[in-house]
file entry.csv (CSV, C-alpha atoms)
chain,number,residue,atom,x,y,z
Z,600,MET,CA,-71.0,-77.9,-144.6
Z,601,ARG,CA,-71.3,-78.5,-140.9
Z,602,THR,CA,-69.0,-81.2,-139.4
Z,603,ALA,CA,-72.0,-83.2,-138.2
Z,604,ASP,CA,-73.3,-83.4,-141.7
Z,605,ILE,CA,-69.9,-84.5,-143.0
Z,606,ILE,CA,-69.7,-87.2,-140.3
Z,607,THR,CA,-73.3,-88.3,-141.2
Z,608,GLU,CA,-72.5,-88.5,-144.9
Z,609,LYS,CA,-69.3,-90.5,-144.5
Z,610,LEU,CA,-70.8,-93.0,-142.0
Z,611,THR,CA,-73.8,-93.5,-144.2
Z,612,GLN,CA,-71.6,-94.2,-147.2
Z,613,ALA,CA,-69.4,-96.6,-145.3
Z,614,PHE,CA,-71.9,-98.6,-143.3
Z,615,THR,CA,-75.4,-98.1,-144.9
Z,616,PRO,CA,-76.7,-97.9,-141.3
Z,617,GLU,CA,-80.2,-99.0,-140.3
Z,618,SER,CA,-80.2,-96.0,-138.0
Z,619,LEU,CA,-77.7,-93.2,-137.4
Z,620,ARG,CA,-77.7,-90.2,-135.2
Z,621,VAL,CA,-74.9,-87.7,-134.9
Z,622,ALA,CA,-75.1,-85.3,-132.0
Z,623,ASP,CA,-72.9,-82.2,-131.7
Z,624,GLU,CA,-72.2,-82.0,-127.9
Z,625,SER,CA,-69.5,-79.3,-128.2
Z,626,HIS,CA,-71.6,-76.9,-126.1
Z,627,GLN,CA,-71.3,-79.3,-123.2
Z,628,HIS,CA,-67.5,-78.9,-123.2
Z,629,GLU,CA,-67.2,-75.1,-123.2
Z,630,GLY,CA,-64.2,-74.1,-121.2
Z,631,HIS,CA,-62.7,-77.6,-121.3
Z,632,ALA,CA,-59.6,-78.7,-123.2
Z,633,GLY,CA,-60.2,-79.1,-126.9
Z,634,HIS,CA,-63.2,-76.8,-127.1
Z,635,ARG,CA,-63.0,-73.9,-129.6
Z,636,PRO,CA,-65.2,-70.9,-130.1
Z,637,GLY,CA,-67.8,-72.0,-132.6
Z,638,GLY,CA,-67.9,-75.5,-131.4
Z,639,GLN,CA,-68.0,-78.5,-133.7
Z,640,THR,CA,-65.4,-80.3,-131.7
Z,641,HIS,CA,-67.2,-82.9,-129.6
Z,642,PHE,CA,-69.5,-85.4,-131.2
Z,643,ARG,CA,-71.5,-88.5,-130.2
Z,644,VAL,CA,-72.5,-91.1,-132.7
Z,645,TYR,CA,-75.3,-93.7,-132.4
Z,646,ILE,CA,-75.1,-96.1,-135.2
Z,647,VAL,CA,-76.8,-99.4,-136.0
Z,648,SER,CA,-75.5,-101.3,-139.0
Z,649,GLU,CA,-75.2,-104.9,-140.2
Z,650,ALA,CA,-71.6,-104.2,-140.8
Z,651,PHE,CA,-70.9,-104.5,-137.1
Z,652,ARG,CA,-72.3,-107.9,-136.6
Z,653,GLY,CA,-69.7,-110.3,-135.2
Z,654,LYS,CA,-67.2,-107.5,-134.6
Z,655,SER,CA,-65.7,-106.7,-131.2
Z,656,ARG,CA,-66.3,-103.3,-129.7
Z,657,ILE,CA,-62.7,-102.3,-130.5
Z,658,GLU,CA,-63.1,-103.4,-134.1
Z,659,ARG,CA,-66.3,-101.4,-134.4
Z,660,HIS,CA,-64.6,-98.3,-133.1
Z,661,ARG,CA,-61.6,-98.8,-135.3
Z,662,MET,CA,-63.9,-99.1,-138.4
Z,663,ILE,CA,-65.6,-95.8,-137.5
Z,664,ASN,CA,-62.3,-94.0,-136.6
Z,665,ALA,CA,-60.8,-95.1,-139.9
Z,666,THR,CA,-63.8,-93.7,-141.8
Z,667,LEU,CA,-63.5,-90.4,-140.0
Z,668,ALA,CA,-59.7,-90.3,-139.9
Z,669,ALA,CA,-59.6,-86.9,-141.7
Z,670,GLU,CA,-62.0,-85.3,-139.2
Z,671,LEU,CA,-60.2,-86.7,-136.2
Z,672,GLN,CA,-56.9,-85.4,-137.6
Z,673,GLY,CA,-58.6,-82.0,-138.1
Z,674,GLY,CA,-61.0,-80.2,-135.9
Z,675,VAL,CA,-62.9,-83.1,-134.2
Z,676,HIS,CA,-61.5,-83.4,-130.7
Z,677,ALA,CA,-63.7,-86.1,-129.3
Z,678,LEU,CA,-65.9,-88.7,-130.8
Z,679,ALA,CA,-68.1,-90.8,-128.5
Z,680,ILE,CA,-69.4,-94.0,-130.3
Z,681,GLN,CA,-72.2,-96.4,-129.7
Z,682,ALA,CA,-72.2,-99.0,-132.4
Z,683,ASN,CA,-74.5,-101.9,-132.6
Z,684,ALA,CA,-75.7,-104.5,-135.1
Z,685,PRO,CA,-79.5,-104.6,-135.6
Z,686,GLY,CA,-81.3,-106.4,-132.8
Z,687,GLU,CA,-78.4,-106.1,-130.3
Z,688,GLU,CA,-79.7,-103.3,-128.2
Z,689,SER,CA,-83.0,-105.1,-127.4
Z,690,ALA,CA,-81.0,-108.2,-126.6
Z,691,GLY,CA,-79.5,-106.3,-123.7
Z,692,ARG,CA,-76.0,-106.4,-125.0
E,701,MET,CA,-35.3,-95.5,-124.5
E,702,ALA,CA,-37.6,-95.2,-127.4
E,703,ILE,CA,-41.2,-94.2,-126.4
E,704,GLU,CA,-42.6,-97.4,-127.9
E,705,GLN,CA,-40.3,-99.5,-125.7
E,706,PHE,CA,-41.3,-97.5,-122.7
E,707,ILE,CA,-45.0,-98.0,-123.4
E,708,ASP,CA,-44.5,-101.7,-124.1
E,709,ASN,CA,-42.7,-102.1,-120.7
E,710,GLU,CA,-45.4,-100.3,-118.8
E,711,VAL,CA,-48.2,-102.3,-120.4
E,712,LYS,CA,-46.4,-105.6,-119.9
E,713,ASN,CA,-45.1,-105.0,-116.4
E,714,ASN,CA,-48.3,-103.7,-114.8
E,715,ASP,CA,-51.5,-105.6,-114.6
E,716,VAL,CA,-53.7,-102.6,-115.2
E,717,VAL,CA,-52.5,-99.4,-116.9
E,718,LEU,CA,-54.5,-96.3,-117.7
E,719,PHE,CA,-53.0,-93.8,-120.2
E,720,MET,CA,-54.9,-90.6,-119.3
E,721,LYS,CA,-55.0,-86.8,-119.2
E,722,GLY,CA,-54.1,-85.8,-115.7
E,723,THR,CA,-53.6,-88.2,-112.8
E,724,PRO,CA,-56.0,-90.5,-111.0
E,725,GLN,CA,-56.1,-87.9,-108.2
E,726,PHE,CA,-56.6,-85.0,-110.6
E,727,PRO,CA,-58.0,-86.0,-114.0
E,728,MET,CA,-57.8,-83.2,-116.5
E,729,SER,CA,-60.4,-84.5,-118.9
E,730,GLY,CA,-64.0,-85.8,-118.3
E,731,PHE,CA,-63.3,-88.9,-120.3
E,732,SER,CA,-60.2,-89.9,-118.3
E,733,GLY,CA,-62.1,-89.0,-115.1
E,734,GLN,CA,-64.9,-91.4,-116.0
E,735,VAL,CA,-62.5,-94.3,-116.4
E,736,VAL,CA,-60.8,-93.4,-113.1
E,737,GLN,CA,-64.2,-93.5,-111.3
E,738,ILE,CA,-65.0,-96.9,-112.8
E,739,LEU,CA,-61.6,-98.4,-111.8
E,740,ASP,CA,-61.9,-96.9,-108.3
E,741,TYR,CA,-65.4,-98.2,-107.9
E,742,LEU,CA,-64.2,-101.7,-108.9
E,743,GLY,CA,-61.3,-101.3,-106.5
E,744,VAL,CA,-58.8,-102.7,-109.0
E,745,PRO,CA,-55.3,-101.5,-108.4
E,746,TYR,CA,-53.9,-99.6,-111.5
E,747,LYS,CA,-51.2,-97.4,-112.7
E,748,GLY,CA,-52.1,-94.0,-114.2
E,749,LEU,CA,-49.8,-92.4,-116.8
E,750,ASN,CA,-50.3,-88.8,-117.5
E,751,VAL,CA,-49.9,-88.1,-121.3
E,752,LEU,CA,-50.1,-84.3,-120.7
E,753,GLU,CA,-46.6,-84.5,-119.1
E,754,ASN,CA,-45.0,-85.9,-122.1
E,755,GLU,CA,-45.8,-85.1,-125.8
E,756,ASP,CA,-43.9,-88.2,-127.0
E,757,LEU,CA,-46.1,-90.4,-124.8
E,758,ARG,CA,-49.2,-88.6,-125.9
E,759,ASN,CA,-48.5,-89.3,-129.5
E,760,GLY,CA,-46.7,-92.6,-128.9
E,761,ILE,CA,-49.6,-94.3,-127.2
E,762,LYS,CA,-51.9,-93.4,-130.1
E,763,SER,CA,-49.7,-95.1,-132.6
E,764,TYR,CA,-48.9,-98.0,-130.2
E,765,SER,CA,-52.5,-99.0,-130.1
E,766,ASN,CA,-53.6,-97.5,-133.4
E,767,TRP,CA,-56.3,-95.7,-131.4
E,768,PRO,CA,-56.8,-92.0,-131.9
E,769,THR,CA,-58.0,-91.0,-128.4
E,770,ILE,CA,-57.1,-90.9,-124.7
E,771,PRO,CA,-57.9,-92.4,-122.2
E,772,GLN,CA,-56.7,-96.0,-123.1
E,773,LEU,CA,-57.0,-98.9,-120.7
E,774,TYR,CA,-54.7,-101.9,-120.8
E,775,VAL,CA,-55.2,-105.1,-118.7
E,776,LYS,CA,-52.5,-107.8,-118.6
E,777,GLY,CA,-50.9,-106.4,-121.7
E,778,GLU,CA,-54.2,-106.3,-123.7
E,779,PHE,CA,-55.8,-103.1,-125.0
E,780,VAL,CA,-59.3,-103.0,-123.6
E,781,GLY,CA,-60.6,-99.7,-125.0
E,782,GLY,CA,-61.3,-96.1,-124.4
E,783,CYS,CA,-63.9,-94.3,-122.3
E,784,ASP,CA,-67.0,-95.5,-124.3
E,785,ILE,CA,-66.0,-99.1,-124.3
E,786,VAL,CA,-64.9,-99.2,-120.7
E,787,ARG,CA,-68.1,-97.5,-119.6
E,788,GLU,CA,-70.3,-99.8,-121.7
E,789,MET,CA,-68.5,-102.9,-120.3
E,790,PHE,CA,-68.9,-101.6,-116.8
E,791,GLN,CA,-72.6,-100.8,-117.2
E,792,LYS,CA,-73.3,-104.4,-118.5
E,793,ARG,CA,-71.1,-105.8,-115.7
E,794,GLU,CA,-68.8,-107.3,-118.3
E,795,LEU,CA,-65.9,-105.4,-116.9
E,796,HIS,CA,-66.3,-107.0,-113.5
E,797,ASP,CA,-66.2,-110.5,-115.1
E,798,PHE,CA,-63.3,-109.5,-117.3
E,799,MET,CA,-61.2,-108.3,-114.4
E,800,LYS,CA,-62.0,-111.5,-112.4
E,801,GLN,CA,-61.1,-113.7,-115.4
E,802,LYS,CA,-57.8,-111.9,-115.6
E,803,GLY,CA,-57.2,-112.8,-111.9
E,804,LEU,CA,-57.6,-109.2,-110.6
E,805,PRO,CA,-59.2,-108.4,-107.3
E,806,VAL,CA,-62.6,-106.7,-107.6
E,807,LYS,CA,-64.3,-105.3,-104.6
E,808,GLU,CA,-67.2,-107.5,-103.3
E,809,SER,CA,-69.5,-104.5,-103.1
E,810,ALA,CA,-68.8,-103.4,-106.8

call {"tool": "encode", "arguments": {"input": "entry.csv", "output": "structure tokens"}}
result
Amino acid sequence: MRTADIITEKLTQAFTPESLRVADESHQHEGHAGHRPGGQTHFRVYIVSEAFRGKSRIERHRMINATLAAELQGGVHALAIQANAPGEESAGR
Amino acid sequence: MAIEQFIDNEVKNNDVVLFMKGTPQFPMSGFSGQVVQILDYLGVPYKGLNVLENEDLRNGIKSYSNWPTIPQLYVKGEFVGGCDIVREMFQKRELHDFMKQKGLPVKESA
């Protein structure tokens, strides 16, 4: 199973997101620290879930990091996160 | 001195501290470099600590904040966030206001 699929599955189970996109950006980091042949090291997550309402940015990141602790301990070198509650993006927050 | 005590001293005795890979002059990671650029743009004085020079520091800062990644920005003893959070706050001009609230000088042009 690809790492992106594992991340998608775990986040879906944890947060039942309204929308979720997991992008593998490993190819953008070739030759940089942390990159390995075969990639699957650098990911970007866009997630919208009711679970984030009323939470600070740090709390949102902590929730996601905790959910993906095994992956972050393993091969995932970098995880960029954009986490919103529904309606927040359009509100310009 | 235990690493946790060292980190605690740095965070509490400096207004703005960035734990990063490389130095402000020579960032060794794109994520650290982005935060350096933002701080330089704001013109806020800060201290950069290179975790690549010290494996204890690299691991210690992660457990200190319970945050798995580097860079990490601290202002007046408070953990602000990593690259994503700092960039998002900057883009929404929240970081300008945050620094000013903390009594830190922000360049007029920023």

call {"tool": "closest_atom_pairs", "arguments": {"input": "entry.csv", "of": "chain Z", "to": "chain E", "cutoff": "7 Å", "atoms": "all atoms listed in the file", "output": "CSV"}}
result
residue,atom,partner,partner_atom,distance
Z:Arg656,CA,E:Ile785,CA,6.8
Z:Ile657,CA,E:Gly781,CA,6.4
Z:Ala679,CA,E:Asp784,CA,6.4
Z:Ile680,CA,E:Asp784,CA,6.6

call {"tool": "residues_near_point", "arguments": {"input": "entry.csv", "point": "(-58.5, -84.9, -134.4)", "cutoff": "12 Å", "atoms": "all atoms listed in the file", "output": "PDB file with C-alpha atoms, in the coordinates of the input"}}
result
ATOM      1  CA  GLY Z 633     -60.200 -79.100-126.900  1.00  0.00           C
ATOM      2  CA  HIS Z 634     -63.200 -76.800-127.100  1.00  0.00           C
ATOM      3  CA  GLN Z 639     -68.000 -78.500-133.700  1.00  0.00           C
ATOM      4  CA  THR Z 640     -65.400 -80.300-131.700  1.00  0.00           C
ATOM      5  CA  HIS Z 641     -67.200 -82.900-129.600  1.00  0.00           C
ATOM      6  CA  PHE Z 642     -69.500 -85.400-131.200  1.00  0.00           C
ATOM      7  CA  ASN Z 664     -62.300 -94.000-136.600  1.00  0.00           C
ATOM      8  CA  ALA Z 665     -60.800 -95.100-139.900  1.00  0.00           C
ATOM      9  CA  LEU Z 667     -63.500 -90.400-140.000  1.00  0.00           C
ATOM     10  CA  ALA Z 668     -59.700 -90.300-139.900  1.00  0.00           C
ATOM     11  CA  ALA Z 669     -59.600 -86.900-141.700  1.00  0.00           C
ATOM     12  CA  GLU Z 670     -62.000 -85.300-139.200  1.00  0.00           C
ATOM     13  CA  LEU Z 671     -60.200 -86.700-136.200  1.00  0.00           C
ATOM     14  CA  GLN Z 672     -56.900 -85.400-137.600  1.00  0.00           C
ATOM     15  CA  GLY Z 673     -58.600 -82.000-138.100  1.00  0.00           C
ATOM     16  CA  GLY Z 674     -61.000 -80.200-135.900  1.00  0.00           C
ATOM     17  CA  VAL Z 675     -62.900 -83.100-134.200  1.00  0.00           C
ATOM     18  CA  HIS Z 676     -61.500 -83.400-130.700  1.00  0.00           C
ATOM     19  CA  ALA Z 677     -63.700 -86.100-129.300  1.00  0.00           C
ATOM     20  CA  LEU Z 678     -65.900 -88.700-130.800  1.00  0.00           C
TER      21      LEU Z 678
ATOM     22  CA  ASN E 759     -48.500 -89.300-129.500  1.00  0.00           C
ATOM     23  CA  LYS E 762     -51.900 -93.400-130.100  1.00  0.00           C
ATOM     24  CA  TRP E 767     -56.300 -95.700-131.400  1.00  0.00           C
ATOM     25  CA  PRO E 768     -56.800 -92.000-131.900  1.00  0.00           C
ATOM     26  CA  THR E 769     -58.000 -91.000-128.400  1.00  0.00           C
ATOM     27  CA  ILE E 770     -57.100 -90.900-124.700  1.00  0.00           C
TER      28      ILE E 770
END

call {"tool": "atom_distance", "arguments": {"input": "entry.csv", "atom1": "atom CA of Leu619 of chain Z", "atom2": "atom CA of Arg601 of chain Z"}}
result
16.4 Å

call {"tool": "atom_distance", "arguments": {"input": "entry.csv", "atom1": "atom CA of Ile663 of chain Z", "atom2": "atom CA of Gln772 of chain E"}}
result
16.9 Å

call {"tool": "atom_distance", "arguments": {"input": "entry.csv", "atom1": "atom CA of Asp715 of chain E", "atom2": "atom CA of Leu749 of chain E"}}
result
13.5 Å

call {"tool": "residues_near_point", "arguments": {"input": "entry.csv", "point": "(-38.9, -91.0, -130.1)", "cutoff": "10 Å", "atoms": "only C-alpha atoms", "output": "compact mmCIF listing (two decimals) with C-alpha atoms, in the coordinates of the input"}}
result
# COMPACT_ATOMS: atom_id res chain seq x y z
CA MET E 701 -35.30 -95.50 -124.50
CA ALA E 702 -37.60 -95.20 -127.40
CA ILE E 703 -41.20 -94.20 -126.40
CA GLU E 704 -42.60 -97.40 -127.90
CA GLN E 705 -40.30 -99.50 -125.70
CA ASP E 756 -43.90 -88.20 -127.00
CA LEU E 757 -46.10 -90.40 -124.80
CA ASN E 759 -48.50 -89.30 -129.50
CA GLY E 760 -46.70 -92.60 -128.90

call {"tool": "residues_around", "arguments": {"input": "entry.csv", "residues": "Ser655 of chain Z", "least_positions_apart": "3", "cutoff": "12 Å", "atoms": "all atoms listed in the file", "output": "PyMOL selection string"}}
result
(chain Z and resi 650-652+658-662+682-684) or (chain E and resi 780-781+785+789)

call {"tool": "residues_around", "arguments": {"input": "entry.csv", "residues": "Ser618 of chain Z", "least_positions_apart": "4", "cutoff": "12 Å", "atoms": "all atoms listed in the file", "output": "MDAnalysis selection string"}}
result
chainID Z and resid 607 610:611 614 644:649 681:686

call {"tool": "closest_residue", "arguments": {"input": "entry.csv", "among": "Z:Glu687, Z:Gly653, Z:Thr666, Z:Ile606", "to": "Ala622 of chain Z", "atoms": "only C-alpha atoms"}}
result
Z:Ile606

call {"tool": "closest_residue", "arguments": {"input": "entry.csv", "among": "E:Glu710, E:His796, E:Gln791, E:Gln737", "to": "Ile761 of chain E", "atoms": "all atoms listed in the file"}}
result
E:Glu710

call {"tool": "build_atoms", "arguments": {"input": "entry.csv", "residues": "segment 730-745 of chain E", "atoms": "N, CA and C atoms", "output": "PDB file, in the frame of the given file"}}
result
ATOM      1  N   GLY E 730     -62.784 -85.035-118.755  1.00  0.00           N
ATOM      2  CA  GLY E 730     -64.000 -85.800-118.300  1.00  0.00           C
ATOM      3  C   GLY E 730     -63.921 -87.237-118.658  1.00  0.00           C
ATOM      4  N   PHE E 731     -63.362 -87.530-119.841  1.00  0.00           N
ATOM      5  CA  PHE E 731     -63.300 -88.900-120.300  1.00  0.00           C
ATOM      6  C   PHE E 731     -62.363 -89.743-119.461  1.00  0.00           C
ATOM      7  N   SER E 732     -61.191 -89.166-119.190  1.00  0.00           N
ATOM      8  CA  SER E 732     -60.200 -89.900-118.300  1.00  0.00           C
ATOM      9  C   SER E 732     -60.840 -90.015-116.914  1.00  0.00           C
ATOM     10  N   GLY E 733     -61.519 -88.971-116.452  1.00  0.00           N
ATOM     11  CA  GLY E 733     -62.100 -89.000-115.100  1.00  0.00           C
ATOM     12  C   GLY E 733     -63.155 -90.120-114.980  1.00  0.00           C
ATOM     13  N   GLN E 734     -63.909 -90.365-116.047  1.00  0.00           N
ATOM     14  CA  GLN E 734     -64.900 -91.400-116.000  1.00  0.00           C
ATOM     15  C   GLN E 734     -64.285 -92.792-115.797  1.00  0.00           C
ATOM     16  N   VAL E 735     -63.193 -93.029-116.500  1.00  0.00           N
ATOM     17  CA  VAL E 735     -62.500 -94.300-116.400  1.00  0.00           C
ATOM     18  C   VAL E 735     -61.900 -94.481-114.994  1.00  0.00           C
ATOM     19  N   VAL E 736     -61.335 -93.408-114.474  1.00  0.00           N
ATOM     20  CA  VAL E 736     -60.800 -93.400-113.100  1.00  0.00           C
ATOM     21  C   VAL E 736     -61.887 -93.798-112.111  1.00  0.00           C
ATOM     22  N   GLN E 737     -63.047 -93.180-112.258  1.00  0.00           N
ATOM     23  CA  GLN E 737     -64.200 -93.500-111.300  1.00  0.00           C
ATOM     24  C   GLN E 737     -64.554 -94.938-111.396  1.00  0.00           C
ATOM     25  N   ILE E 738     -64.598 -95.487-112.590  1.00  0.00           N
ATOM     26  CA  ILE E 738     -65.000 -96.900-112.800  1.00  0.00           C
ATOM     27  C   ILE E 738     -63.955 -97.807-112.117  1.00  0.00           C
ATOM     28  N   LEU E 739     -62.674 -97.546-112.371  1.00  0.00           N
ATOM     29  CA  LEU E 739     -61.600 -98.400-111.800  1.00  0.00           C
ATOM     30  C   LEU E 739     -61.616 -98.288-110.276  1.00  0.00           C
ATOM     31  N   ASP E 740     -61.815 -97.075-109.773  1.00  0.00           N
ATOM     32  CA  ASP E 740     -61.900 -96.900-108.300  1.00  0.00           C
ATOM     33  C   ASP E 740     -63.054 -97.621-107.724  1.00  0.00           C
ATOM     34  N   TYR E 741     -64.171 -97.563-108.424  1.00  0.00           N
ATOM     35  CA  TYR E 741     -65.400 -98.200-107.900  1.00  0.00           C
ATOM     36  C   TYR E 741     -65.133 -99.760-107.873  1.00  0.00           C
ATOM     37  N   LEU E 742     -64.493-100.292-108.884  1.00  0.00           N
ATOM     38  CA  LEU E 742     -64.200-101.700-108.900  1.00  0.00           C
ATOM     39  C   LEU E 742     -63.137-102.089-107.856  1.00  0.00           C
ATOM     40  N   GLY E 743     -62.333-101.097-107.475  1.00  0.00           N
ATOM     41  CA  GLY E 743     -61.300-101.300-106.500  1.00  0.00           C
ATOM     42  C   GLY E 743     -60.091-102.076-107.037  1.00  0.00           C
ATOM     43  N   VAL E 744     -59.948-102.050-108.371  1.00  0.00           N
ATOM     44  CA  VAL E 744     -58.800-102.700-109.000  1.00  0.00           C
ATOM     45  C   VAL E 744     -57.587-101.801-108.931  1.00  0.00           C
ATOM     46  N   PRO E 745     -56.452-102.295-108.437  1.00  0.00           N
ATOM     47  CA  PRO E 745     -55.300-101.500-108.400  1.00  0.00           C
ATOM     48  C   PRO E 745     -54.803-101.183-109.878  1.00  0.00           C
TER      49      PRO E 745
END
